[in-house]
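To be precise, the following lines are run23.tsv, and they hold TSV, C-alpha atoms.
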chain	number	residue	atom	x	y	z
A	1	MET	CA	4.42	31.09	0.36
A	2	VAL	CA	3.33	27.79	-1.07
A	3	ILE	CA	6.88	26.42	-0.90
A	4	TYR	CA	6.82	26.62	2.92
A	5	GLY	CA	4.05	24.05	3.01
A	6	VAL	CA	5.72	21.78	0.46
A	7	ALA	CA	9.06	22.14	2.27
A	8	LEU	CA	7.52	21.33	5.65
A	9	LEU	CA	5.86	18.26	4.17
A	10	SER	CA	9.11	17.16	2.51
A	11	PHE	CA	11.13	17.76	5.65
A	12	CYS	CA	8.74	15.58	7.68
A	13	MET	CA	8.85	12.80	5.09
A	14	LEU	CA	12.66	12.73	4.90
A	15	LEU	CA	13.13	12.88	8.66
A	16	GLY	CA	10.52	10.14	9.12
A	17	ILE	CA	12.18	7.83	6.61
A	18	ILE	CA	15.63	8.45	8.12
A	19	LEU	CA	14.30	7.60	11.60
A	20	GLY	CA	12.55	4.52	10.16
A	21	GLU	CA	15.86	3.35	8.65
A	22	PHE	CA	17.62	3.86	12.00
A	23	LEU	CA	14.89	1.87	13.71
A	24	GLY	CA	15.41	-0.93	11.18
A	25	ARG	CA	19.18	-1.00	11.76
A	26	LEU	CA	18.58	-0.98	15.50
A	27	PHE	CA	16.69	-4.25	15.14
A	28	GLY	CA	19.26	-5.53	12.68
A	29	ILE	CA	16.96	-5.78	9.67
A	30	ASP	CA	17.29	-4.33	6.20
A	31	ALA	CA	13.90	-2.62	6.15
A	32	ASN	CA	12.34	0.67	7.07
A	33	ILE	CA	10.24	0.42	10.23
A	34	GLY	CA	7.33	2.83	10.18
A	35	GLY	CA	9.17	5.69	8.44
A	36	ILE	CA	6.04	7.03	6.79
A	37	GLY	CA	4.03	6.68	9.99
A	38	ILE	CA	6.69	8.66	11.88
A	39	ALA	CA	6.61	11.28	9.10
A	40	MET	CA	2.83	11.58	9.50
A	41	LEU	CA	3.14	12.03	13.26
A	42	LEU	CA	5.83	14.68	12.71
A	43	LEU	CA	3.58	16.58	10.30
A	44	ILE	CA	0.62	16.46	12.70
A	45	PHE	CA	2.80	17.54	15.61
A	46	LEU	CA	4.71	20.29	13.79
A	47	SER	CA	1.69	21.79	12.07
A	48	GLU	CA	-0.17	21.97	15.40
A	49	ARG	CA	2.89	23.50	17.07
A	50	LEU	CA	3.36	26.06	14.32
A	51	LYS	CA	-0.31	26.96	14.47
A	52	LYS	CA	0.12	27.96	18.12
A	53	SER	CA	3.12	30.23	17.65
A	54	PHE	CA	2.11	31.78	14.35
A	55	THR	CA	-0.53	31.05	11.75
A	56	LEU	CA	0.26	28.77	8.86
A	57	GLY	CA	-1.01	31.00	6.05
A	58	ASP	CA	-3.68	29.83	3.67
A	59	ILE	CA	-1.25	29.60	0.82
A	60	THR	CA	1.33	27.72	2.87
A	61	GLU	CA	-1.42	25.28	3.80
A	62	LYS	CA	-2.21	24.76	0.12
A	63	GLY	CA	1.32	23.41	-0.39
A	64	ILE	CA	0.29	20.49	1.83
A	65	THR	CA	-3.37	20.08	0.91
A	66	PHE	CA	-2.61	19.97	-2.81
A	67	TRP	CA	-0.59	16.79	-2.31
A	68	SER	CA	-3.25	15.32	-0.13
A	69	MET	CA	-5.84	15.98	-2.86
A	70	ILE	CA	-3.65	14.55	-5.63
A	71	TYR	CA	-3.51	11.34	-3.60
A	72	ILE	CA	-6.23	9.47	-5.50
A	73	PRO	CA	-4.75	10.11	-8.96
A	74	ILE	CA	-1.41	8.89	-7.61
A	75	VAL	CA	-3.09	5.72	-6.35
A	76	VAL	CA	-4.67	5.20	-9.78
A	77	ALA	CA	-1.22	5.54	-11.37
A	78	MET	CA	0.09	3.10	-8.77
A	79	ALA	CA	-2.63	0.59	-9.69
A	80	SER	CA	-1.69	0.97	-13.38
A	81	LYS	CA	1.89	-0.06	-12.70
A	82	GLN	CA	1.22	-3.14	-10.57
A	83	ASN	CA	2.55	-6.48	-11.69
A	84	VAL	CA	-0.93	-7.97	-12.12
A	85	LEU	CA	0.37	-10.56	-14.55
A	86	GLY	CA	2.95	-11.68	-11.98
A	87	ALA	CA	0.24	-12.18	-9.38
A	88	ILE	CA	-1.85	-14.32	-11.72
A	89	ASP	CA	1.18	-16.25	-12.98
A	90	GLY	CA	2.11	-17.16	-9.39
A	91	GLY	CA	-0.29	-20.08	-9.69
A	92	LEU	CA	-2.55	-21.72	-7.16
A	93	ILE	CA	-0.23	-21.47	-4.13
A	94	ALA	CA	0.06	-17.68	-4.50
A	95	LEU	CA	-3.65	-17.22	-5.24
A	96	LEU	CA	-4.76	-19.40	-2.32
A	97	SER	CA	-2.36	-18.07	0.32
A	98	GLY	CA	-2.92	-14.43	-0.64
A	99	GLY	CA	-6.66	-14.91	-1.05
A	100	ILE	CA	-7.29	-16.73	2.24
A	101	ALA	CA	-5.10	-14.27	4.17
A	102	VAL	CA	-7.09	-11.32	2.83
A	103	LEU	CA	-10.44	-12.99	3.48
A	104	LEU	CA	-9.61	-13.88	7.10
A	105	SER	CA	-8.21	-10.39	7.72
A	106	PHE	CA	-11.41	-8.80	6.43
A	107	LEU	CA	-13.46	-11.03	8.75
A	108	LEU	CA	-11.34	-9.96	11.73
A	109	ILE	CA	-11.98	-6.23	11.27
A	110	PRO	CA	-15.45	-6.18	12.90
A	111	VAL	CA	-14.17	-8.47	15.69
A	112	LEU	CA	-11.21	-6.23	16.55
A	113	SER	CA	-13.30	-3.07	16.17
A	114	LYS	CA	-15.33	-4.15	19.20
A	115	ILE	CA	-12.37	-4.23	21.57
A	116	LYS	CA	-11.64	-0.52	21.31
A	117	LYS	CA	-11.21	1.51	24.48
B	1	MET	CA	9.62	12.90	-39.95
B	2	ASP	CA	5.95	12.14	-39.71
B	3	ILE	CA	3.51	13.67	-37.32
B	4	PHE	CA	3.05	10.57	-35.14
B	5	GLU	CA	6.75	10.35	-34.53
B	6	ILE	CA	6.83	13.98	-33.39
B	7	ILE	CA	3.90	13.45	-31.05
B	8	SER	CA	5.26	10.24	-29.55
B	9	THR	CA	8.68	11.81	-28.97
B	10	VAL	CA	7.11	14.74	-27.14
B	11	LEU	CA	4.93	12.45	-25.03
B	12	SER	CA	7.83	10.20	-24.01
B	13	LYS	CA	10.16	13.09	-23.29
B	14	ASN	CA	7.57	14.66	-20.97
B	15	GLY	CA	6.60	11.38	-19.32
B	16	LEU	CA	5.34	12.74	-16.01
B	17	ILE	CA	3.11	15.29	-17.77
B	18	THR	CA	1.78	12.57	-20.08
B	19	SER	CA	0.92	10.50	-17.03
B	20	PHE	CA	-1.19	13.38	-15.62
B	21	VAL	CA	-3.26	13.32	-18.82
B	22	PHE	CA	-3.47	9.51	-18.79
B	23	VAL	CA	-4.59	9.32	-15.16
B	24	GLY	CA	-6.88	12.34	-15.59
B	25	CYS	CA	-8.69	10.56	-18.43
B	26	ILE	CA	-9.05	7.33	-16.42
B	27	VAL	CA	-10.45	9.21	-13.42
B	28	TRP	CA	-12.86	11.27	-15.56
B	29	PHE	CA	-14.12	8.18	-17.38
B	30	SER	CA	-14.49	6.28	-14.09
B	31	TYR	CA	-16.59	9.00	-12.45
B	32	PHE	CA	-18.65	9.15	-15.64
B	33	LEU	CA	-19.31	5.38	-15.41
B	34	SER	CA	-19.95	5.63	-11.67
B	35	ASN	CA	-22.64	8.29	-12.16
B	36	LYS	CA	-24.29	6.84	-15.27
B	37	LEU	CA	-24.26	3.13	-14.44
B	38	THR	CA	-24.38	2.98	-10.66
B	39	GLN	CA	-25.82	6.42	-9.76
B	40	GLY	CA	-22.63	7.05	-7.83
B	41	LYS	CA	-23.17	4.03	-5.56
B	42	PHE	CA	-19.94	2.38	-6.66
B	43	HIS	CA	-17.30	5.02	-5.97
B	44	GLY	CA	-15.61	6.57	-9.02
B	45	SER	CA	-12.17	6.10	-7.49
B	46	ALA	CA	-12.87	2.37	-6.97
B	47	ILE	CA	-13.64	2.06	-10.68
B	48	ALA	CA	-10.54	4.10	-11.55
B	49	ILE	CA	-8.32	1.77	-9.49
B	50	LEU	CA	-9.94	-1.27	-11.12
B	51	LEU	CA	-9.39	0.22	-14.58
B	52	GLY	CA	-5.80	0.94	-13.60
B	53	LEU	CA	-5.30	-2.72	-12.66
B	54	ILE	CA	-6.86	-3.86	-15.95
B	55	PHE	CA	-4.51	-1.54	-17.87
B	56	ALA	CA	-1.63	-2.90	-15.79
B	57	TYR	CA	-2.59	-6.43	-16.79
B	58	LEU	CA	-2.83	-5.47	-20.47
B	59	GLY	CA	0.46	-3.58	-20.25
B	60	GLY	CA	2.15	-6.58	-18.64
B	61	THR	CA	0.81	-8.92	-21.33
B	62	TYR	CA	1.87	-6.56	-24.10
B	63	THR	CA	5.40	-5.77	-22.91
B	64	GLY	CA	6.17	-8.82	-20.76
B	65	GLY	CA	7.51	-6.42	-18.11
B	66	LYS	CA	6.75	-6.12	-14.40
B	67	GLN	CA	5.66	-2.48	-14.27
B	68	GLY	CA	2.23	-2.62	-15.90
B	69	VAL	CA	1.64	0.30	-18.27
B	70	ALA	CA	4.85	1.99	-17.08
B	71	ASP	CA	6.80	-0.42	-19.30
B	72	ILE	CA	5.18	1.08	-22.38
B	73	GLY	CA	7.59	3.83	-23.48
B	74	LEU	CA	4.90	6.48	-23.91
B	75	LEU	CA	3.53	5.88	-20.42
B	76	SER	CA	6.79	5.48	-18.53
B	77	GLY	CA	5.87	8.60	-16.52
B	78	VAL	CA	3.12	6.58	-14.80
B	79	GLY	CA	5.96	4.74	-13.07
B	80	LEU	CA	7.13	7.98	-11.48
B	81	LEU	CA	3.65	9.30	-10.63
B	82	GLY	CA	2.60	5.95	-9.15
B	83	GLY	CA	5.98	5.12	-7.61
B	84	ALA	CA	6.73	4.78	-3.92
B	85	MET	CA	8.21	8.30	-3.59
B	86	LEU	CA	5.16	10.30	-4.66
B	87	ARG	CA	2.76	7.79	-3.13
B	88	ASP	CA	4.39	8.12	0.28
B	89	PHE	CA	4.61	11.90	-0.11
B	90	ALA	CA	0.86	12.09	-0.73
B	91	ILE	CA	0.14	9.70	2.13
B	92	VAL	CA	2.10	11.89	4.55
B	93	ALA	CA	0.17	14.91	3.24
B	94	THR	CA	-3.16	13.23	4.07
B	95	ALA	CA	-2.11	13.28	7.73
B	96	TYR	CA	-2.47	17.07	7.74
B	97	GLY	CA	-5.59	17.79	9.76
B	98	VAL	CA	-5.72	14.40	11.49
B	99	LYS	CA	-6.69	14.62	15.14
B	100	LEU	CA	-4.16	13.14	17.52
B	101	ASP	CA	-7.00	12.09	19.83
B	102	ASP	CA	-8.43	9.78	17.16
B	103	LEU	CA	-5.05	8.12	16.78
B	104	LYS	CA	-4.59	7.72	20.52
B	105	ALA	CA	-8.09	6.29	20.96
B	106	SER	CA	-7.32	3.45	18.57
B	107	GLY	CA	-3.69	2.97	19.57
B	108	ILE	CA	-4.09	-0.36	21.37
B	109	ALA	CA	-6.47	-1.82	18.79
B	110	GLY	CA	-4.10	-0.65	16.04
B	111	ILE	CA	-1.02	-2.22	17.63
B	112	SER	CA	-2.74	-5.53	18.37
B	113	SER	CA	-4.12	-5.66	14.83
B	114	LEU	CA	-0.53	-5.36	13.57
B	115	PHE	CA	0.67	-8.41	15.46
B	116	ILE	CA	-2.46	-10.41	14.66
B	117	GLY	CA	-2.30	-9.38	10.99
B	118	VAL	CA	1.35	-10.39	10.47
B	119	THR	CA	0.98	-13.71	12.31
B	120	LEU	CA	-2.32	-14.62	10.63
B	121	SER	CA	-1.08	-13.96	7.09
B	122	PHE	CA	2.17	-15.77	7.81
B	123	PHE	CA	0.50	-18.94	9.02
B	124	VAL	CA	-2.06	-18.95	6.21
B	125	GLY	CA	0.81	-18.84	3.71
B	126	ALA	CA	2.78	-21.47	5.64
B	127	ILE	CA	-0.18	-23.85	5.82
B	128	VAL	CA	-0.92	-23.50	2.11
B	129	ALA	CA	2.76	-24.21	1.40
B	130	ILE	CA	2.59	-27.36	3.56
B	131	ILE	CA	-0.61	-28.51	1.82
B	132	PHE	CA	1.15	-28.12	-1.53
B	133	GLY	CA	3.91	-30.43	-0.39
B	134	TYR	CA	6.71	-28.20	0.88
B	135	THR	CA	8.52	-29.91	3.74
B	136	ASP	CA	11.57	-27.73	4.46
B	137	ALA	CA	11.26	-25.00	7.07
B	138	VAL	CA	13.04	-22.39	4.92
B	139	SER	CA	10.62	-22.66	1.97
B	140	ILE	CA	7.55	-22.79	4.20
B	141	THR	CA	8.72	-19.72	6.14
B	142	THR	CA	9.52	-17.79	2.95
B	143	ILE	CA	6.11	-18.44	1.40
B	144	GLY	CA	4.46	-17.51	4.70
B	145	ALA	CA	6.53	-14.33	4.81
B	146	GLY	CA	5.53	-13.49	1.22
B	147	THR	CA	1.90	-13.74	2.25
B	148	VAL	CA	2.65	-11.04	4.85
B	149	THR	CA	3.76	-8.65	2.07
B	150	PHE	CA	5.78	-8.95	-1.10
B	151	VAL	CA	8.63	-7.11	0.64
B	152	VAL	CA	8.78	-9.42	3.66
B	153	GLY	CA	8.94	-12.52	1.42
B	154	PRO	CA	12.19	-11.75	-0.39
B	155	VAL	CA	13.78	-10.15	2.71
B	156	THR	CA	13.09	-13.31	4.72
B	157	GLY	CA	13.90	-15.65	1.85
B	158	SER	CA	17.32	-14.15	1.23
B	159	ALA	CA	18.08	-14.02	4.96
B	160	LEU	CA	17.32	-17.75	5.28
B	161	GLY	CA	18.80	-18.78	1.93
B	162	ALA	CA	15.62	-19.88	0.15
B	163	SER	CA	15.71	-20.86	-3.54
B	164	SER	CA	14.94	-18.13	-6.07
B	165	GLU	CA	11.91	-20.10	-7.24
B	166	VAL	CA	10.42	-20.02	-3.73
B	167	ILE	CA	11.25	-16.32	-3.39
B	168	ALA	CA	9.46	-15.60	-6.68
B	169	LEU	CA	6.46	-17.53	-5.36
B	170	SER	CA	6.49	-15.53	-2.12
B	171	ILE	CA	6.46	-12.26	-4.11
B	172	ALA	CA	3.49	-13.54	-6.14
B	173	ALA	CA	1.57	-14.38	-2.94
B	174	GLY	CA	2.15	-10.83	-1.67
B	175	LEU	CA	1.06	-9.36	-5.01
B	176	VAL	CA	-2.17	-11.38	-4.93
B	177	LYS	CA	-2.83	-10.09	-1.43
B	178	SER	CA	-2.21	-6.46	-2.35
B	179	ILE	CA	-4.38	-6.58	-5.48
B	180	LEU	CA	-7.22	-8.40	-3.70
B	181	VAL	CA	-7.20	-5.72	-0.98
B	182	MET	CA	-7.47	-3.03	-3.66
B	183	ILE	CA	-10.44	-4.73	-5.32
B	184	GLY	CA	-12.12	-6.17	-2.23
B	185	THR	CA	-12.10	-3.20	0.13
B	186	PRO	CA	-14.70	-1.00	-1.61
B	187	LEU	CA	-16.94	-4.05	-2.09
B	188	LEU	CA	-16.79	-5.22	1.53
B	189	ALA	CA	-16.36	-1.92	3.41
B	190	LYS	CA	-19.97	-1.49	4.47
B	191	TYR	CA	-20.38	-5.08	5.68
B	192	ILE	CA	-17.36	-4.92	7.98
B	193	GLY	CA	-17.99	-1.45	9.40
B	194	LEU	CA	-15.02	0.18	7.67
B	195	ASN	CA	-16.30	3.75	7.99
B	196	ASN	CA	-14.47	5.35	10.92
B	197	PRO	CA	-10.89	6.09	12.01
B	198	ASN	CA	-10.87	3.22	14.50
B	199	SER	CA	-11.77	0.47	12.01
B	200	ALA	CA	-9.50	2.09	9.40
B	201	MET	CA	-6.54	1.75	11.77
B	202	ILE	CA	-7.41	-1.89	12.40
B	203	PHE	CA	-7.82	-2.45	8.66
B	204	GLY	CA	-4.34	-0.99	8.04
B	205	GLY	CA	-2.84	-3.17	10.75
B	206	LEU	CA	-4.47	-6.38	9.55
B	207	MET	CA	-3.83	-5.96	5.81
B	208	GLY	CA	-0.52	-4.16	6.00
B	209	THR	CA	0.17	-3.99	2.29
B	210	ASN	CA	0.89	-0.30	1.70
B	211	SER	CA	-0.41	-0.19	-1.85
B	212	GLY	CA	-3.47	-2.31	-1.04
B	213	VAL	CA	-4.40	-0.23	2.00
B	214	ALA	CA	-3.71	3.06	0.19
B	215	ALA	CA	-5.90	2.13	-2.77
B	216	GLY	CA	-8.56	0.34	-0.74
B	217	LEU	CA	-9.24	3.29	1.57
B	218	ALA	CA	-9.03	5.82	-1.28
B	219	ALA	CA	-11.93	3.97	-2.88
B	220	VAL	CA	-14.00	3.95	0.32
B	221	ASP	CA	-13.38	7.35	1.91
B	222	PRO	CA	-10.19	9.40	1.42
B	223	LYS	CA	-10.60	10.83	4.94
B	224	LEU	CA	-9.75	7.40	6.35
B	225	VAL	CA	-6.48	7.09	4.42
B	226	PRO	CA	-4.14	8.55	7.06
B	227	TYR	CA	-5.49	6.24	9.79
B	228	GLY	CA	-5.07	3.05	7.77
B	229	ALA	CA	-1.73	4.17	6.36
B	230	MET	CA	-0.46	4.98	9.84
B	231	THR	CA	-0.66	1.36	11.05
B	232	ALA	CA	0.12	-0.22	7.67
B	233	THR	CA	3.45	1.58	7.58
B	234	PHE	CA	4.66	-0.45	10.57
B	235	TYR	CA	3.47	-3.75	9.12
B	236	THR	CA	6.26	-4.53	6.67
B	237	GLY	CA	8.90	-3.63	9.25
B	238	LEU	CA	7.25	-5.83	11.86
B	239	GLY	CA	6.99	-8.65	9.32
B	240	CYS	CA	10.69	-8.36	8.44
B	241	LEU	CA	11.40	-8.51	12.16
B	242	LEU	CA	9.19	-11.49	13.08
B	243	ALA	CA	9.28	-13.75	9.99
B	244	PRO	CA	12.99	-14.66	9.86
B	245	SER	CA	13.21	-14.91	13.66
B	246	ILE	CA	10.38	-16.08	15.94
B	247	LEU	CA	8.06	-17.29	13.18
B	248	PHE	CA	10.89	-19.22	11.48
B	249	LEU	CA	11.79	-20.85	14.81
B	250	ILE	CA	8.18	-21.98	15.28
B	251	ILE	CA	8.12	-23.55	11.81
B	252	GLU	CA	11.51	-25.14	12.43
B	253	LEU	CA	10.25	-26.71	15.66
B	254	VAL	CA	7.49	-28.46	13.73
B	255	TYR	CA	9.71	-29.48	10.81

Would you mind writing the structure in this file as structure tokens?
Amino acid sequence: MVIYGVALLSFCMLLGIILGEFLGRLFGIDANIGGIGIAMLLLIFLSERLKKSFTLGDITEKGITFWSMIYIPIVVAMASKQNVLGAIDGGLIALLSGGIAVLLSFLLIPVLSKIKK
Amino acid sequence: MDIFEIISTVLSKNGLITSFVFVGCIVWFSYFLSNKLTQGKFHGSAIAILLGLIFAYLGGTYTGGKQGVADIGLLSGVGLLGGAMLRDFAIVATAYGVKLDDLKASGIAGISSLFIGVTLSFFVGAIVAIIFGYTDAVSITTIGAGTVTFVVGPVTGSALGASSEVIALSIAAGLVKSILVMIGTPLLAKYIGLNNPNSAMIFGGLMGTNSGVAAGLAAVDPKLVPYGAMTATFYTGLGCLLAPSILFLIIELVY
């Protein structure tokens, strides 16, 4: 049943966000720490576990893969609702600090990629 | 009742469905441009994201709102489709099929990129603020925090009691960062080796902005999305943790 996949995905997301909120409170800050990352780990872990005990049917799987495929359209919608005007109106301080931070971070990617393992 | 009124009522009442058509048209047109003008070299999804940002700019100019096209009544459904709830839901879904070994292999690099990313962005923002004449530790810290992400800025600013003008500035700095990551990633990906899970995790840790990382990797290779998103999701939390505490103390020592 396709709902099993969607339900599993939803369960992981909610549990992840709840744990992320707890983690935030634990550190005394009003923010979610890694909720979505925890949700992703839960999904990876649970789907591998479930695969061992019984097979996640093709249709159940589609309840998850559909959302993963609809990801790009969602990102396009997300881009269409950004406050682009606000970013440009922020003036030179906002443009410079954001711009330099992004540029330096890009330059660091090849450097940090070398230190793996 | 004229025909346009009927149509526009139906479209607004079924906002989410209207947004599927809207986004579907953008994506179709973008892949068409990608194939005809660049022979597919510039990814269709990169063009679609760019078009989305242009529409967002036009929408913001037209309505004066903060939600891009979602402030236009007919397209309010775009706000739901592109909102944090569905975005995060889809991001979690991309993790299905990820190999745990790939995550473990880049664990250390991913975690160090998080700390380096938050600190680097913070100090860039702080230094720019100092150059522009800010001399109080609270304002400098808030602008630095905003450069981390546009969530960390206001969280830090309100914790430290920064003025609303400085908080607005910190949000703008974070917005600039997020939009530049969206635009810059597909252009720079091949020069910085952003083509494997390891560099995607480092990318997520360094940039941190959820929307920027999500859109940037979507435009390069959707298979890399879960790896970048995995580290990026810890970034804002880490920023909220470090900026009002250790990083603020460092700035306060100097000022």

### Nearest to chain A, chosen from B:Ser76, B:Ser19, B:Thr94, B:Thr149, with all atoms listed in the file counted in the distances
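With all atoms listed in the file as the atom set, the closest residue is B:Thr94.
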
Exercise for the section: Taking only C-alpha atoms into account, report as JSON, numbers by chain which residues of chain B lie within 6 Å of chain A. Expected result: {"B": [49, 52, 53, 55, 56, 57, 60, 66, 67, 68, 69, 70, 78, 81, 82, 90, 92, 93, 94, 95, 96, 109, 121, 124, 125, 128, 147, 169, 172, 173, 175, 176, 177, 192, 199, 206, 215, 230, 233, 234, 237]}

Report as an mmCIF file with C-alpha atoms, in the coordinates of the input all protein, DNA and RNA residues lying within 12 Å of B:Tyr134, evaluated on only C-alpha atoms, omitting residues in the same chain fewer than 6 positions from it.
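As a result, result_21.cif now contains:
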data_model
loop_
_atom_site.group_PDB
_atom_site.id
_atom_site.type_symbol
_atom_site.label_atom_id
_atom_site.label_comp_id
_atom_site.auth_asym_id
_atom_site.auth_seq_id
_atom_site.Cartn_x
_atom_site.Cartn_y
_atom_site.Cartn_z
ATOM 1 C CA ILE A 93 -0.230 -21.470 -4.130
ATOM 2 C CA GLY B 125 0.810 -18.840 3.710
ATOM 3 C CA ALA B 126 2.780 -21.470 5.640
ATOM 4 C CA ILE B 127 -0.180 -23.850 5.820
ATOM 5 C CA VAL B 128 -0.920 -23.500 2.110
ATOM 6 C CA ILE B 140 7.550 -22.790 4.200
ATOM 7 C CA THR B 141 8.720 -19.720 6.140
ATOM 8 C CA THR B 142 9.520 -17.790 2.950
ATOM 9 C CA ILE B 143 6.110 -18.440 1.400
ATOM 10 C CA GLY B 144 4.460 -17.510 4.700
ATOM 11 C CA VAL B 166 10.420 -20.020 -3.730
ATOM 12 C CA ILE B 251 8.120 -23.550 11.810
ATOM 13 C CA TYR B 255 9.710 -29.480 10.810
#

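Across the structure, atom CA of B:Asp136 and atom CA of B:Glu165 are spaced 14.0 Å apart.
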
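For the pair atom CA of B:Ala137 and atom CA of B:Ile246, the interatomic distance is 12.6 Å.
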
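Coordinates place atom CA of B:Leu114 at a distance of 16.8 Å from atom CA of B:Pro244.
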
- Name all residues at most 10 Å from B:Val220 (count all atoms listed in the file; drop same-chain ones fewer than 4 positions away) and give them as an NGL selection string. :B and (42-46 or 185-190 or 194-195 or 215-216 or 224-225)

query: From the set B:Gly174, B:Gly40, B:Gly64, B:Pro197, which residue has the shortest atom-to-atom contact distance to B:Lys104, counting all atoms listed in the file?
result: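 Looking at the shortest contact to B:Lys104, the residue is B:Pro197.
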